[in-house]
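Notes for the one structure printed next.
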Amino acid sequence: MIPAIGLLLGIAAGLMLDVQVPLTLQPYLPIAVVAALDAVFGGVRAVMDGVFDDKVFVISFISNVLIAAFIVFLGDQLGVGAQLSTAVIVVLGIRIFTNVANIRRHLFHA
Amino acid sequence: MPDHAHGKFVPPSPRGGPRRLWKAFTARPDGGQVVVAGLIAALGFGAVVQVRADESDQLAQARRSELVQILSDLNQRNSRLEDEVAELQAARRELQSGAQTEEAALEQTATRARQLAILAGTAPASGPGVVVTIADPSERVQARHVMGVVQELRVAGAEAIQLEGGNDNVVRIGVDSYFLDPDGVLTVDGVPITRPYVLTVIGDPSALNASVLFLGGSKEIQDESLVEEHEDLLVDAVREPERPEYARPAPDDN
């Protein structure tokens, strides 16, 4: 319940506050958002599997975001930022699909 | 406890996933849930901010390499379009000059047609010239004399000649004009012309004057003629253009 309310609060805050993304963060925010999405879907799946744990979720969420951003940062430094961010997006996308497929099995038994 | 976010396929656990989700949803809040809520709020916030930033400005999000790519794309496109502009301008110039050439040719042809019409006698003409009046009360002047004076006028550069008789018949003298007097009446191109004969001639007035009175012509003409020079004469009798029946334009190439 609280996390759902948190999600709504975050969206509302994002809509109401006119926040400009700092220039240095601009390449990393999309990747970070996708990494966080992956963590959230993983968390939902873990709840359904009955193996959810607060600490694990927090650590995986933060580390997902940080590692994704760091990989992109590294790629930018090496001059392959665009390619590496594509790679990260692809990997995270595959993971999201897998997690959602698990959730789907729970919900629809199919 | 396995990492719940890993991507490996795990067979569905025994039934009850949705029930567990509902239980988690309705469970009493504790500290851990608040932390999770904070993280998810951060996710929602970041996602919304990112979406709005994406809407506001595409270029501001782009990396340096992407910007370079976009710039080079634009440059290529620009040069392609410039090429196209140059091509179209060249085509336009070509068409314009073509149209001008055609217009000039048309103008030239029209001018030439007007000149030829005057020489052929199919168009009225005006200009300086002389009026030759052959009164001839004693009827000494015959067709050959009139033909002679016309020849003399032509030699002197007459460009348009018309012959008017006392019976108000007017004939424009052309290349195929003929002079007869079968019954003592002058007939030019089949039209009877009675005395006095008035020739209206356009050309150099002094040359025409001299040709009639001093240089050529017969004694009869010289005796009977009265020549007046005029600055502006009008030759308004015209000939019907005739299609040649036998002659055809010869081919240009020899």
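For the structure tokens, the naming scheme is as follows: chains receive sequential letters (A, B, ...) according to their order of presentation, residues are indexed from 1 within each chain, and ligands are indexed from 1 in presentation order.
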Picked from stretch 104-208 of chain B by DSSP as alpha helix (DSSP H), as a ChimeraX atom specification: /B:104-120,143-155,205-208
Go ahead and write the selection's residues with N, CA and C atoms as an mmCIF file, in the first residue's frame.
data_model
loop_
_atom_site.group_PDB
_atom_site.id
_atom_site.type_symbol
_atom_site.label_atom_id
_atom_site.label_comp_id
_atom_site.auth_asym_id
_atom_site.auth_seq_id
_atom_site.Cartn_x
_atom_site.Cartn_y
_atom_site.Cartn_z
ATOM 1 N N ALA B 104 12.731 36.404 -79.499
ATOM 2 C CA ALA B 104 13.490 37.222 -80.451
ATOM 3 C C ALA B 104 13.291 36.697 -81.865
ATOM 4 N N ALA B 105 13.316 35.363 -81.999
ATOM 5 C CA ALA B 105 13.144 34.790 -83.333
ATOM 6 C C ALA B 105 11.773 35.141 -83.884
ATOM 7 N N LEU B 106 10.781 35.085 -82.993
ATOM 8 C CA LEU B 106 9.413 35.396 -83.410
ATOM 9 C C LEU B 106 9.326 36.855 -83.855
ATOM 10 N N GLU B 107 9.946 37.727 -83.055
ATOM 11 C CA GLU B 107 9.940 39.166 -83.358
ATOM 12 C C GLU B 107 10.584 39.417 -84.724
ATOM 13 N N GLN B 108 11.737 38.766 -84.916
ATOM 14 C CA GLN B 108 12.478 38.935 -86.158
ATOM 15 C C GLN B 108 11.630 38.468 -87.347
ATOM 16 N N THR B 109 10.993 37.326 -87.142
ATOM 17 C CA THR B 109 10.164 36.786 -88.220
ATOM 18 C C THR B 109 9.010 37.726 -88.540
ATOM 19 N N ALA B 110 8.410 38.283 -87.476
ATOM 20 C CA ALA B 110 7.283 39.184 -87.700
ATOM 21 C C ALA B 110 7.746 40.417 -88.467
ATOM 22 N N THR B 111 8.908 40.962 -88.059
ATOM 23 C CA THR B 111 9.435 42.134 -88.751
ATOM 24 C C THR B 111 9.683 41.825 -90.223
ATOM 25 N N ARG B 112 10.303 40.665 -90.432
ATOM 26 C CA ARG B 112 10.623 40.272 -91.808
ATOM 27 C C ARG B 112 9.330 40.095 -92.599
ATOM 28 N N ALA B 113 8.321 39.527 -91.952
ATOM 29 C CA ALA B 113 7.039 39.312 -92.657
ATOM 30 C C ALA B 113 6.428 40.652 -93.043
ATOM 31 N N ARG B 114 6.534 41.645 -92.152
ATOM 32 C CA ARG B 114 5.988 42.970 -92.475
ATOM 33 C C ARG B 114 6.740 43.587 -93.652
ATOM 34 N N GLN B 115 8.079 43.456 -93.620
ATOM 35 C CA GLN B 115 8.867 44.024 -94.723
ATOM 36 C C GLN B 115 8.497 43.356 -96.038
ATOM 37 N N LEU B 116 8.399 42.013 -95.983
ATOM 38 C CA LEU B 116 8.082 41.286 -97.208
ATOM 39 C C LEU B 116 6.675 41.622 -97.689
ATOM 40 N N ALA B 117 5.757 41.855 -96.737
ATOM 41 C CA ALA B 117 4.398 42.187 -97.139
ATOM 42 C C ALA B 117 4.380 43.514 -97.891
ATOM 43 N N ILE B 118 5.208 44.457 -97.446
ATOM 44 C CA ILE B 118 5.272 45.743 -98.155
ATOM 45 C C ILE B 118 5.824 45.539 -99.564
ATOM 46 N N LEU B 119 6.917 44.761 -99.654
ATOM 47 C CA LEU B 119 7.526 44.540 -100.965
ATOM 48 C C LEU B 119 6.587 43.761 -101.874
ATOM 49 N N ALA B 120 5.831 42.819 -101.309
ATOM 50 C CA ALA B 120 4.925 42.023 -102.125
ATOM 51 C C ALA B 120 3.637 42.775 -102.410
ATOM 52 N N ALA B 143 0.693 51.802 -122.725
ATOM 53 C CA ALA B 143 1.009 50.871 -121.623
ATOM 54 C C ALA B 143 2.502 50.693 -121.477
ATOM 55 N N ARG B 144 3.221 50.553 -122.577
ATOM 56 C CA ARG B 144 4.657 50.306 -122.461
ATOM 57 C C ARG B 144 5.373 51.496 -121.820
ATOM 58 N N HIS B 145 4.806 52.717 -122.039
ATOM 59 C CA HIS B 145 5.433 53.877 -121.401
ATOM 60 C C HIS B 145 5.234 53.845 -119.888
ATOM 61 N N VAL B 146 4.001 53.463 -119.500
ATOM 62 C CA VAL B 146 3.750 53.363 -118.050
ATOM 63 C C VAL B 146 4.640 52.281 -117.430
ATOM 64 N N MET B 147 4.740 51.146 -118.164
ATOM 65 C CA MET B 147 5.596 50.084 -117.663
ATOM 66 C C MET B 147 7.040 50.576 -117.558
ATOM 67 N N GLY B 148 7.411 51.368 -118.540
ATOM 68 C CA GLY B 148 8.769 51.906 -118.517
ATOM 69 C C GLY B 148 9.020 52.776 -117.308
ATOM 70 N N VAL B 149 8.047 53.646 -117.004
ATOM 71 C CA VAL B 149 8.292 54.522 -115.859
ATOM 72 C C VAL B 149 8.299 53.720 -114.551
ATOM 73 N N VAL B 150 7.467 52.670 -114.489
ATOM 74 C CA VAL B 150 7.492 51.828 -113.291
ATOM 75 C C VAL B 150 8.863 51.153 -113.147
ATOM 76 N N GLN B 151 9.397 50.707 -114.287
ATOM 77 C CA GLN B 151 10.739 50.085 -114.256
ATOM 78 C C GLN B 151 11.775 51.094 -113.767
ATOM 79 N N GLU B 152 11.669 52.314 -114.310
ATOM 80 C CA GLU B 152 12.632 53.333 -113.899
ATOM 81 C C GLU B 152 12.535 53.613 -112.408
ATOM 82 N N LEU B 153 11.271 53.664 -111.922
ATOM 83 C CA LEU B 153 11.079 53.912 -110.493
ATOM 84 C C LEU B 153 11.680 52.774 -109.672
ATOM 85 N N ARG B 154 11.546 51.570 -110.168
ATOM 86 C CA ARG B 154 12.106 50.432 -109.437
ATOM 87 C C ARG B 154 13.614 50.503 -109.415
ATOM 88 N N VAL B 155 14.170 50.886 -110.530
ATOM 89 C CA VAL B 155 15.626 51.024 -110.582
ATOM 90 C C VAL B 155 16.071 52.056 -109.553
ATOM 91 N N PRO B 205 12.857 60.339 -102.348
ATOM 92 C CA PRO B 205 12.132 61.260 -103.248
ATOM 93 C C PRO B 205 13.000 61.837 -104.360
ATOM 94 N N SER B 206 14.217 62.271 -104.017
ATOM 95 C CA SER B 206 15.009 62.941 -105.057
ATOM 96 C C SER B 206 15.447 61.947 -106.125
ATOM 97 N N ALA B 207 15.807 60.725 -105.688
ATOM 98 C CA ALA B 207 16.220 59.714 -106.659
ATOM 99 C C ALA B 207 15.057 59.360 -107.579
ATOM 100 N N LEU B 208 13.866 59.232 -107.003
ATOM 101 C CA LEU B 208 12.695 58.893 -107.815
ATOM 102 C C LEU B 208 12.388 60.023 -108.802
#
Write out as a ChimeraX atom specification every residue belonging to chain A that has an atom at most 7 Å from any atom of chain B, counting only C-alpha atoms. /A:1-3,6-7,9-11,13-15,19,26-27,29-30,33,36,39,42-43,46-50,54,56,58,95,98-99,102,105-107
Within 12 Å of A:Leu74, counting only C-alpha atoms, which residues show up once you throw out same-chain ones fewer than 6 positions away? Write them as an mmCIF file with N, CA and C atoms, in the first residue's frame, please.
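Written output follows (around_1.cif):
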data_model
loop_
_atom_site.group_PDB
_atom_site.id
_atom_site.type_symbol
_atom_site.label_atom_id
_atom_site.label_comp_id
_atom_site.auth_asym_id
_atom_site.auth_seq_id
_atom_site.Cartn_x
_atom_site.Cartn_y
_atom_site.Cartn_z
ATOM 1 N N PRO A 27 22.383 12.289 -19.486
ATOM 2 C CA PRO A 27 22.531 11.003 -20.173
ATOM 3 C C PRO A 27 22.159 9.824 -19.297
ATOM 4 N N TYR A 28 22.187 10.014 -17.947
ATOM 5 C CA TYR A 28 22.065 8.865 -17.056
ATOM 6 C C TYR A 28 20.645 8.646 -16.559
ATOM 7 N N LEU A 66 22.719 2.511 -9.816
ATOM 8 C CA LEU A 66 24.094 3.019 -9.817
ATOM 9 C C LEU A 66 24.932 2.316 -10.881
ATOM 10 N N ILE A 67 24.789 0.990 -10.967
ATOM 11 C CA ILE A 67 25.622 0.272 -11.941
ATOM 12 C C ILE A 67 25.267 0.680 -13.358
ATOM 13 N N ALA A 68 23.948 0.805 -13.617
ATOM 14 C CA ALA A 68 23.542 1.202 -14.968
ATOM 15 C C ALA A 68 24.122 2.566 -15.311
ATOM 16 N N VAL A 80 32.055 5.364 -26.210
ATOM 17 C CA VAL A 80 31.065 4.432 -26.742
ATOM 18 C C VAL A 80 29.783 4.524 -25.919
ATOM 19 N N GLY A 81 29.501 5.732 -25.420
ATOM 20 C CA GLY A 81 28.354 5.912 -24.529
ATOM 21 C C GLY A 81 27.052 5.500 -25.164
ATOM 22 N N ALA A 82 26.848 5.897 -26.425
ATOM 23 C CA ALA A 82 25.579 5.593 -27.082
ATOM 24 C C ALA A 82 25.394 4.083 -27.201
ATOM 25 N N GLN A 83 26.456 3.401 -27.607
ATOM 26 C CA GLN A 83 26.349 1.956 -27.802
ATOM 27 C C GLN A 83 26.133 1.246 -26.470
ATOM 28 N N LEU A 84 26.884 1.685 -25.436
ATOM 29 C CA LEU A 84 26.765 1.017 -24.146
ATOM 30 C C LEU A 84 25.397 1.255 -23.539
ATOM 31 N N SER A 85 24.866 2.465 -23.694
ATOM 32 C CA SER A 85 23.537 2.704 -23.117
ATOM 33 C C SER A 85 22.511 1.857 -23.853
#
So, with only C-alpha atoms as the atoms that count, which of B:Ser225, B:Val68, B:Glu94, B:Arg77 lies closest to B:Val212?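 Distance minimum relative to B:Val212 lands on B:Ser225.
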